[in-house]
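Next comes data20.pdb, a file with PDB, C-alpha atoms.
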```pdb
ATOM      1  CA  MET A   1       0.000   0.000   0.000
ATOM      2  CA  ASP A   2       2.764   2.402   1.013
ATOM      3  CA  SER A   3       4.769   1.534  -2.097
ATOM      4  CA  HIS A   4       1.768   2.260  -4.351
ATOM      5  CA  LEU A   5       1.169   5.572  -2.593
ATOM      6  CA  ALA A   6       4.837   6.499  -2.952
ATOM      7  CA  ALA A   7       4.729   5.595  -6.651
ATOM      8  CA  HIS A   8       1.671   7.799  -7.183
ATOM      9  CA  ARG A   9       3.366  10.679  -5.385
ATOM     10  CA  ILE A  10       6.490  10.312  -7.505
ATOM     11  CA  ALA A  11       4.381  10.212 -10.689
ATOM     12  CA  ALA A  12       2.426  13.298  -9.584
ATOM     13  CA  MET A  13       5.629  15.162  -8.758
ATOM     14  CA  ASP A  14       7.133  14.195 -12.130
ATOM     15  CA  LEU A  15       3.991  15.481 -13.863
ATOM     16  CA  LEU A  16       4.162  18.798 -11.980
ATOM     17  CA  ILE A  17       7.844  19.198 -12.870
ATOM     18  CA  THR A  18       7.023  18.466 -16.525
ATOM     19  CA  ALA A  19       4.215  21.053 -16.489
ATOM     20  CA  ALA A  20       6.565  23.628 -14.937
ATOM     21  CA  ARG A  21       9.206  22.934 -17.590
ATOM     22  CA  ASP A  22       6.580  23.254 -20.318
ATOM     23  CA  PHE A  23       5.477  26.603 -18.887
ATOM     24  CA  ILE A  24       9.039  27.950 -18.712
ATOM     25  CA  ALA A  25       9.855  26.815 -22.259
ATOM     26  CA  LEU A  26       6.669  28.408 -23.606
ATOM     27  CA  PHE A  27       7.174  31.621 -21.614
ATOM     28  CA  VAL A  28      10.655  31.983 -23.085
ATOM     29  CA  ILE A  29       9.619  31.386 -26.693
ATOM     30  CA  VAL A  30       6.312  33.321 -26.570
ATOM     31  CA  SER A  31       8.168  36.135 -24.748
ATOM     32  CA  PRO A  32       5.228  38.348 -23.707
ATOM     33  CA  LEU A  33       7.613  40.790 -21.998
ATOM     34  CA  GLY A  34       9.499  41.226 -25.248
ATOM     35  CA  ALA A  35       6.214  42.004 -27.004
ATOM     36  CA  VAL A  36       5.432  44.961 -24.706
ATOM     37  CA  PRO A  37       7.264  47.671 -26.755
ATOM     38  CA  LEU A  38       5.696  46.434 -29.999
ATOM     39  CA  PHE A  39       2.270  46.222 -28.363
ATOM     40  CA  LEU A  40       2.537  49.806 -27.113
ATOM     41  CA  GLY A  41       3.702  50.960 -30.536
ATOM     42  CA  MET A  42       0.815  49.260 -32.325
ATOM     43  CA  THR A  43      -1.769  50.575 -29.870
ATOM     44  CA  GLN A  44      -0.451  54.106 -29.567
ATOM     45  CA  GLY A  45      -3.343  56.524 -29.274
ATOM     46  CA  ASP A  46      -5.707  53.779 -28.085
ATOM     47  CA  SER A  47      -7.552  54.074 -24.784
ATOM     48  CA  GLU A  48      -6.720  51.729 -21.914
ATOM     49  CA  VAL A  49     -10.019  49.930 -22.496
ATOM     50  CA  ARG A  50      -9.140  49.372 -26.160
ATOM     51  CA  ARG A  51      -5.657  48.184 -25.215
ATOM     52  CA  ARG A  52      -7.103  45.648 -22.787
ATOM     53  CA  THR A  53      -9.441  44.407 -25.515
ATOM     54  CA  THR A  54      -6.512  44.020 -27.896
ATOM     55  CA  ALA A  55      -4.536  42.188 -25.198
ATOM     56  CA  ARG A  56      -7.508  39.867 -24.573
ATOM     57  CA  ILE A  57      -7.856  39.046 -28.283
ATOM     58  CA  ALA A  58      -4.103  38.364 -28.544
ATOM     59  CA  ALA A  59      -4.110  36.091 -25.468
ATOM     60  CA  ILE A  60      -7.171  34.104 -26.577
ATOM     61  CA  ALA A  61      -5.841  33.703 -30.123
ATOM     62  CA  THR A  62      -2.467  32.560 -28.774
ATOM     63  CA  ILE A  63      -4.137  29.947 -26.574
ATOM     64  CA  LEU A  64      -6.329  28.665 -29.429
ATOM     65  CA  VAL A  65      -3.415  28.368 -31.864
ATOM     66  CA  LEU A  66      -1.146  26.559 -29.410
ATOM     67  CA  VAL A  67      -3.900  24.291 -28.052
ATOM     68  CA  SER A  68      -4.811  23.308 -31.621
ATOM     69  CA  THR A  69      -1.148  22.570 -32.264
ATOM     70  CA  ALA A  70      -0.858  20.406 -29.136
ATOM     71  CA  LEU A  71      -3.954  18.384 -30.027
ATOM     72  CA  GLY A  72      -3.179  18.147 -33.729
ATOM     73  CA  GLY A  73       0.577  17.558 -33.460
ATOM     74  CA  PRO A  74       0.419  13.728 -33.385
ATOM     75  CA  TRP A  75      -1.899  13.726 -36.410
ATOM     76  CA  ILE A  76       0.516  15.990 -38.296
ATOM     77  CA  PHE A  77       3.416  13.646 -37.487
ATOM     78  CA  ALA A  78       1.401  10.642 -38.659
ATOM     79  CA  PHE A  79       0.137  12.346 -41.828
ATOM     80  CA  PHE A  80       3.590  13.409 -43.021
ATOM     81  CA  GLY A  81       5.355  10.321 -41.662
ATOM     82  CA  ILE A  82       7.650  12.429 -39.469
ATOM     83  CA  SER A  83       9.250  10.805 -36.451
ATOM     84  CA  VAL A  84       9.294  12.688 -33.174
ATOM     85  CA  ASP A  85      13.085  12.454 -33.035
ATOM     86  CA  ALA A  86      13.456  13.996 -36.497
ATOM     87  CA  PHE A  87      11.164  16.812 -35.401
ATOM     88  CA  ARG A  88      13.202  17.239 -32.212
ATOM     89  CA  ILE A  89      16.312  17.822 -34.328
ATOM     90  CA  GLY A  90      14.613  20.176 -36.785
ATOM     91  CA  GLY A  91      12.768  22.019 -34.033
ATOM     92  CA  GLY A  92      15.910  22.269 -31.941
ATOM     93  CA  ILE A  93      17.818  23.856 -34.835
ATOM     94  CA  LEU A  94      15.015  26.379 -35.396
ATOM     95  CA  LEU A  95      14.849  27.221 -31.689
ATOM     96  CA  PHE A  96      18.631  27.628 -31.562
ATOM     97  CA  MET A  97      18.445  30.150 -34.406
ATOM     98  CA  ILE A  98      15.767  32.052 -32.484
ATOM     99  CA  ALA A  99      17.929  31.865 -29.344
ATOM    100  CA  LEU A 100      20.815  33.494 -31.229
ATOM    101  CA  ASP A 101      18.509  36.363 -32.186
ATOM    102  CA  PHE A 102      17.523  36.718 -28.533
ATOM    103  CA  VAL A 103      21.123  36.663 -27.313
ATOM    104  CA  ASN A 104      22.177  39.226 -29.925
ATOM    105  CA  PHE A 105      19.075  41.300 -29.049
ATOM    106  CA  ARG A 106      17.839  41.620 -32.593
ATOM    107  CA  GLY A 107      14.430  41.057 -34.130
ATOM    108  CA  VAL A 108      13.556  37.374 -34.290
ATOM    109  CA  ARG A 109      13.459  36.328 -37.940
ATOM    110  CA  THR A 110      10.572  33.921 -37.494
ATOM    111  CA  LYS A 111       8.365  36.530 -35.844
ATOM    112  CA  SER A 112       6.793  39.638 -37.380
ATOM    113  CA  THR A 113       8.362  41.660 -40.171
ATOM    114  CA  GLU A 114       8.500  45.452 -40.325
ATOM    115  CA  GLN A 115       5.699  45.421 -42.897
ATOM    116  CA  GLU A 116       3.505  43.342 -40.566
ATOM    117  CA  TYR A 117       4.230  45.750 -37.742
ATOM    118  CA  GLU A 118       3.193  48.723 -39.875
ATOM    119  CA  GLU A 119       0.021  46.907 -40.897
ATOM    120  CA  GLY A 120      -0.666  46.177 -37.236
ATOM    121  CA  VAL A 121      -0.503  49.881 -36.411
ATOM    122  CA  ARG A 122      -3.110  50.675 -39.074
ATOM    123  CA  LYS A 123      -5.481  47.706 -38.724
ATOM    124  CA  PRO A 124      -8.118  47.360 -35.971
ATOM    125  CA  GLU A 125      -7.472  43.601 -35.521
ATOM    126  CA  THR A 126      -3.975  44.173 -34.149
ATOM    127  CA  GLY A 127      -4.604  41.647 -31.369
ATOM    128  CA  LEU A 128      -5.021  38.838 -33.870
ATOM    129  CA  ILE A 129      -2.550  39.740 -36.613
ATOM    130  CA  PRO A 130       0.327  40.386 -36.194
ATOM    131  CA  LEU A 131       0.334  40.391 -32.370
ATOM    132  CA  ALA A 132      -0.949  36.859 -31.729
ATOM    133  CA  ILE A 133       0.169  35.503 -35.103
ATOM    134  CA  PRO A 134       3.094  35.521 -35.705
ATOM    135  CA  MET A 135       4.537  37.526 -32.788
ATOM    136  CA  LEU A 136       3.333  35.437 -29.848
ATOM    137  CA  ALA A 137       2.158  32.164 -31.425
ATOM    138  CA  GLY A 138       4.744  32.106 -34.186
ATOM    139  CA  PRO A 139       6.694  29.234 -35.768
ATOM    140  CA  GLY A 140       8.964  28.969 -32.742
ATOM    141  CA  ALA A 141       6.082  28.626 -30.281
ATOM    142  CA  ILE A 142       4.251  26.174 -32.543
ATOM    143  CA  THR A 143       7.399  24.079 -32.916
ATOM    144  CA  THR A 144       7.958  24.122 -29.154
ATOM    145  CA  VAL A 145       4.419  22.903 -28.449
ATOM    146  CA  MET A 146       4.734  20.070 -30.974
ATOM    147  CA  VAL A 147       8.052  18.983 -29.486
ATOM    148  CA  LEU A 148       6.699  19.143 -25.935
ATOM    149  CA  GLU A 149       3.706  17.014 -26.903
ATOM    150  CA  GLY A 150       6.061  14.631 -28.709
ATOM    151  CA  ASN A 151       8.077  14.305 -25.490
ATOM    152  CA  ASN A 152       4.916  13.531 -23.508
ATOM    153  CA  ARG A 153       5.539  10.532 -21.218
ATOM    154  CA  HIS A 154       2.329  10.808 -19.206
ATOM    155  CA  GLY A 155      -0.326  10.116 -21.829
ATOM    156  CA  VAL A 156      -3.591  12.016 -21.387
ATOM    157  CA  LEU A 157      -2.417  13.603 -18.130
ATOM    158  CA  GLY A 158       0.690  14.891 -19.870
ATOM    159  CA  THR A 159      -1.415  16.431 -22.648
ATOM    160  CA  LEU A 160      -3.714  18.041 -20.079
ATOM    161  CA  ALA A 161      -0.672  19.422 -18.255
ATOM    162  CA  LEU A 162       0.618  20.912 -21.515
ATOM    163  CA  LEU A 163      -2.792  22.439 -22.256
ATOM    164  CA  GLY A 164      -2.801  23.877 -18.724
ATOM    165  CA  SER A 165       0.636  25.409 -19.315
ATOM    166  CA  ILE A 166      -0.563  26.939 -22.590
ATOM    167  CA  THR A 167      -3.616  28.408 -20.861
ATOM    168  CA  ALA A 168      -1.420  29.807 -18.086
ATOM    169  CA  ILE A 169       0.854  31.396 -20.693
ATOM    170  CA  GLY A 170      -2.199  32.992 -22.295
ATOM    171  CA  LEU A 171      -3.347  34.412 -18.955
ATOM    172  CA  VAL A 172       0.129  35.731 -18.128
ATOM    173  CA  THR A 173       0.369  37.258 -21.603
ATOM    174  CA  TYR A 174      -2.943  39.043 -21.102
ATOM    175  CA  VAL A 175      -1.894  40.438 -17.722
ATOM    176  CA  ILE A 176       1.448  41.664 -19.093
ATOM    177  CA  LEU A 177      -0.041  43.309 -22.184
ATOM    178  CA  ALA A 178      -3.032  44.753 -20.306
ATOM    179  CA  THR A 179      -0.629  46.453 -17.888
ATOM    180  CA  ALA A 180       1.957  47.306 -20.562
ATOM    181  CA  SER A 181       1.669  51.068 -20.073
ATOM    182  CA  ARG A 182       2.618  50.647 -16.404
ATOM    183  CA  LEU A 183       5.333  48.076 -17.123
ATOM    184  CA  GLN A 184       6.927  50.382 -19.675
ATOM    185  CA  ARG A 185       8.673  52.433 -16.974
ATOM    186  CA  TYR A 186      10.455  49.284 -15.718
ATOM    187  CA  LEU A 187      11.211  47.742 -19.115
ATOM    188  CA  THR A 188      13.986  50.098 -20.102
ATOM    189  CA  PRO A 189      16.167  49.122 -23.095
ATOM    190  CA  VAL A 190      18.835  47.870 -20.671
ATOM    191  CA  THR A 191      16.363  45.816 -18.608
ATOM    192  CA  LEU A 192      14.692  44.412 -21.706
ATOM    193  CA  GLY A 193      18.092  43.557 -23.150
ATOM    194  CA  VAL A 194      19.102  41.613 -20.042
ATOM    195  CA  ILE A 195      15.778  39.724 -19.926
ATOM    196  CA  THR A 196      15.909  38.900 -23.640
ATOM    197  CA  ARG A 197      19.489  37.634 -23.471
ATOM    198  CA  LEU A 198      18.701  35.450 -20.458
ATOM    199  CA  GLU A 199      15.711  34.035 -22.350
ATOM    200  CA  GLY A 200      18.016  33.394 -25.297
ATOM    201  CA  LEU A 201      20.524  31.472 -23.190
ATOM    202  CA  LEU A 202      17.778  29.330 -21.670
ATOM    203  CA  LEU A 203      16.223  28.727 -25.090
ATOM    204  CA  ALA A 204      19.617  27.771 -26.529
ATOM    205  CA  ALA A 205      20.081  25.169 -23.773
ATOM    206  CA  ILE A 206      16.608  23.747 -24.483
ATOM    207  CA  ALA A 207      17.386  23.636 -28.206
ATOM    208  CA  VAL A 208      20.673  21.775 -27.674
ATOM    209  CA  GLU A 209      18.935  19.238 -25.415
ATOM    210  CA  LEU A 210      16.331  18.606 -28.138
ATOM    211  CA  VAL A 211      18.938  18.093 -30.854
ATOM    212  CA  VAL A 212      21.072  15.799 -28.676
ATOM    213  CA  ALA A 213      18.059  13.718 -27.571
ATOM    214  CA  GLY A 214      16.717  13.427 -31.122
ATOM    215  CA  ALA A 215      20.094  12.538 -32.639
ATOM    216  CA  THR A 216      20.847  10.017 -29.889
ATOM    217  CA  ASN A 217      17.511   8.225 -30.361
ATOM    218  CA  LEU A 218      17.904   8.145 -34.150
ATOM    219  CA  VAL A 219      21.426   6.696 -33.903
ATOM    220  CA  LEU A 220      20.341   4.073 -31.362
ATOM    221  CA  GLY A 221      17.406   3.158 -33.605
ATOM    222  CA  ILE A 222      19.710   2.678 -36.593
ATOM    223  CA  LEU A 223      22.135   0.553 -34.544
ATOM    224  CA  LYS A 224      19.302  -1.675 -33.331
ATOM    225  CA  GLN A 225      18.224  -2.360 -36.897
ATOM    226  CA  ARG A 226      21.638  -3.733 -37.797
TER     227      ARG A 226
END
```
Transcribe the structure of this file into structure tokens.
Amino acid sequence: MDSHLAAHRIAAMDLLITAARDFIALFVIVSPLGAVPLFLGMTQGDSEVRRRTTARIAAIATILVLVSTALGGPWIFAFFGISVDAFRIGGGILLFMIALDFVNFRGVRTKSTEQEYEEGVRKPETGLIPLAIPMLAGPGAITTVMVLEGNNRHGVLGTLALLGSITAIGLVTYVILATASRLQRYLTPVTLGVITRLEGLLLAAIAVELVVAGATNLVLGILKQR
């Protein structure tokens, strides 16, 4: 009885740790703090009520895109015949490229372009495009979610934990963007630079782990076939 209880506790703790790791990885790649200057630029002249509405649309759209990715990821792998390990390697390379942009504190190439930013300033649906897509829920975030679901070792509970992490990221994103005008005084260029570079270092470590794990599994699979 005690051994079963201990096993359940260990499994629950492992699940919580996995959910926390998922949240951190998503927070780094979605980077809601990094989106604050762009959000303020796109919503300049808007009232606080309008800004909160835009933040709400962006957060909801981000959640919907990433949840759809988490639920549809296995079907995408099966449809294209892509192994999880191959996707780990490809996703890890993409995330490493994004991490280099973060570390060098330059615009992430897989996020919005200058033209999309200018369109976002003019269009009323800024919260959806380009703020949610591709700034927040861009290729990097989508890749991260697919890799995290591919690494799922807890079955349905693991998927639910990932969906919970995505929802939490959406809520945090809303809070950050809704209070962006107040956060602006603290997010100086120096502060934002430090935060972005730290996110880049963490993302680079995650990317390397993905590539190493994927390559190791592929090599072991090939050796077993011989």
Identify all residues satisfying the PyMOL selection byres ((chain A and resi 214) around 7) in the given file; provide them as a PyMOL selection string.
-> chain A and resi 85-86+88-89+210-213+215-218
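Interatomic distance, CA of Ile142 (chain A) against CA of Ile76 (chain A): 12.3 Å.
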If we count all atoms listed in the file, what is near Ile166 (chain A) at a cut-off of 8 Å, once residues fewer than 4 positions away on the same chain are taken out, given as a PyMOL selection string?
-> chain A and resi 23+26+63+66-67+162+170
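If all atoms listed in the file are the atoms counted, then among A:Phe27, A:Phe79, A:Phe102, A:Phe39 the closest residue to Thr179 (chain A) is A:Phe39.
Checking A:Gly140, A:Gly150, A:Gly158, A:Gly221 one by one against Met97 (chain A), counting all atoms listed in the file, you find the shortest gap at A:Gly140.
One distance worth recording is that between CA of Asn152 (chain A) and CA of Leu198 (chain A), which is 26.1 Å.
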Ala19 (chain A): which residues within 10 Å, counting all atoms listed in the file, same-chain residues fewer than 6 positions away excluded, as an MDAnalysis selection string?
-> chainID A and resid 13 25 148 158:166
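The two atoms in question, CA of Ala141 (chain A) and CA of Thr173 (chain A), are spaced 13.5 Å apart.
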Near Ser31 (chain A), counting all atoms listed in the file, which residues have an atom at most 9 Å away, once you skip same-chain residues fewer than 2 positions from it, shown as a ChimeraX atom specification?
-> /A:26-29,33-35,135-136,173,196,199
Name the residues captured by the PyMOL selection byres ((chain A and resi 99-101) around 9) when it is applied to the shown file; answer as a ChimeraX atom specification.
-> /A:29,94-98,102-109,197,199-205,207
Write out as number ranges by chain the residues lying within 12 Å of Arg52 (chain A), counting only C-alpha atoms and excluding same-chain residues fewer than 5 positions away.
-> A: 39-40, 43, 46-47, 57-59, 126-127, 173-181
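Each of A:Ile93, A:Ile17, A:Ala70, A:Ala132 was compared to Val147 (chain A) using only C-alpha atoms, and A:Ala70 turns out to be the nearest.
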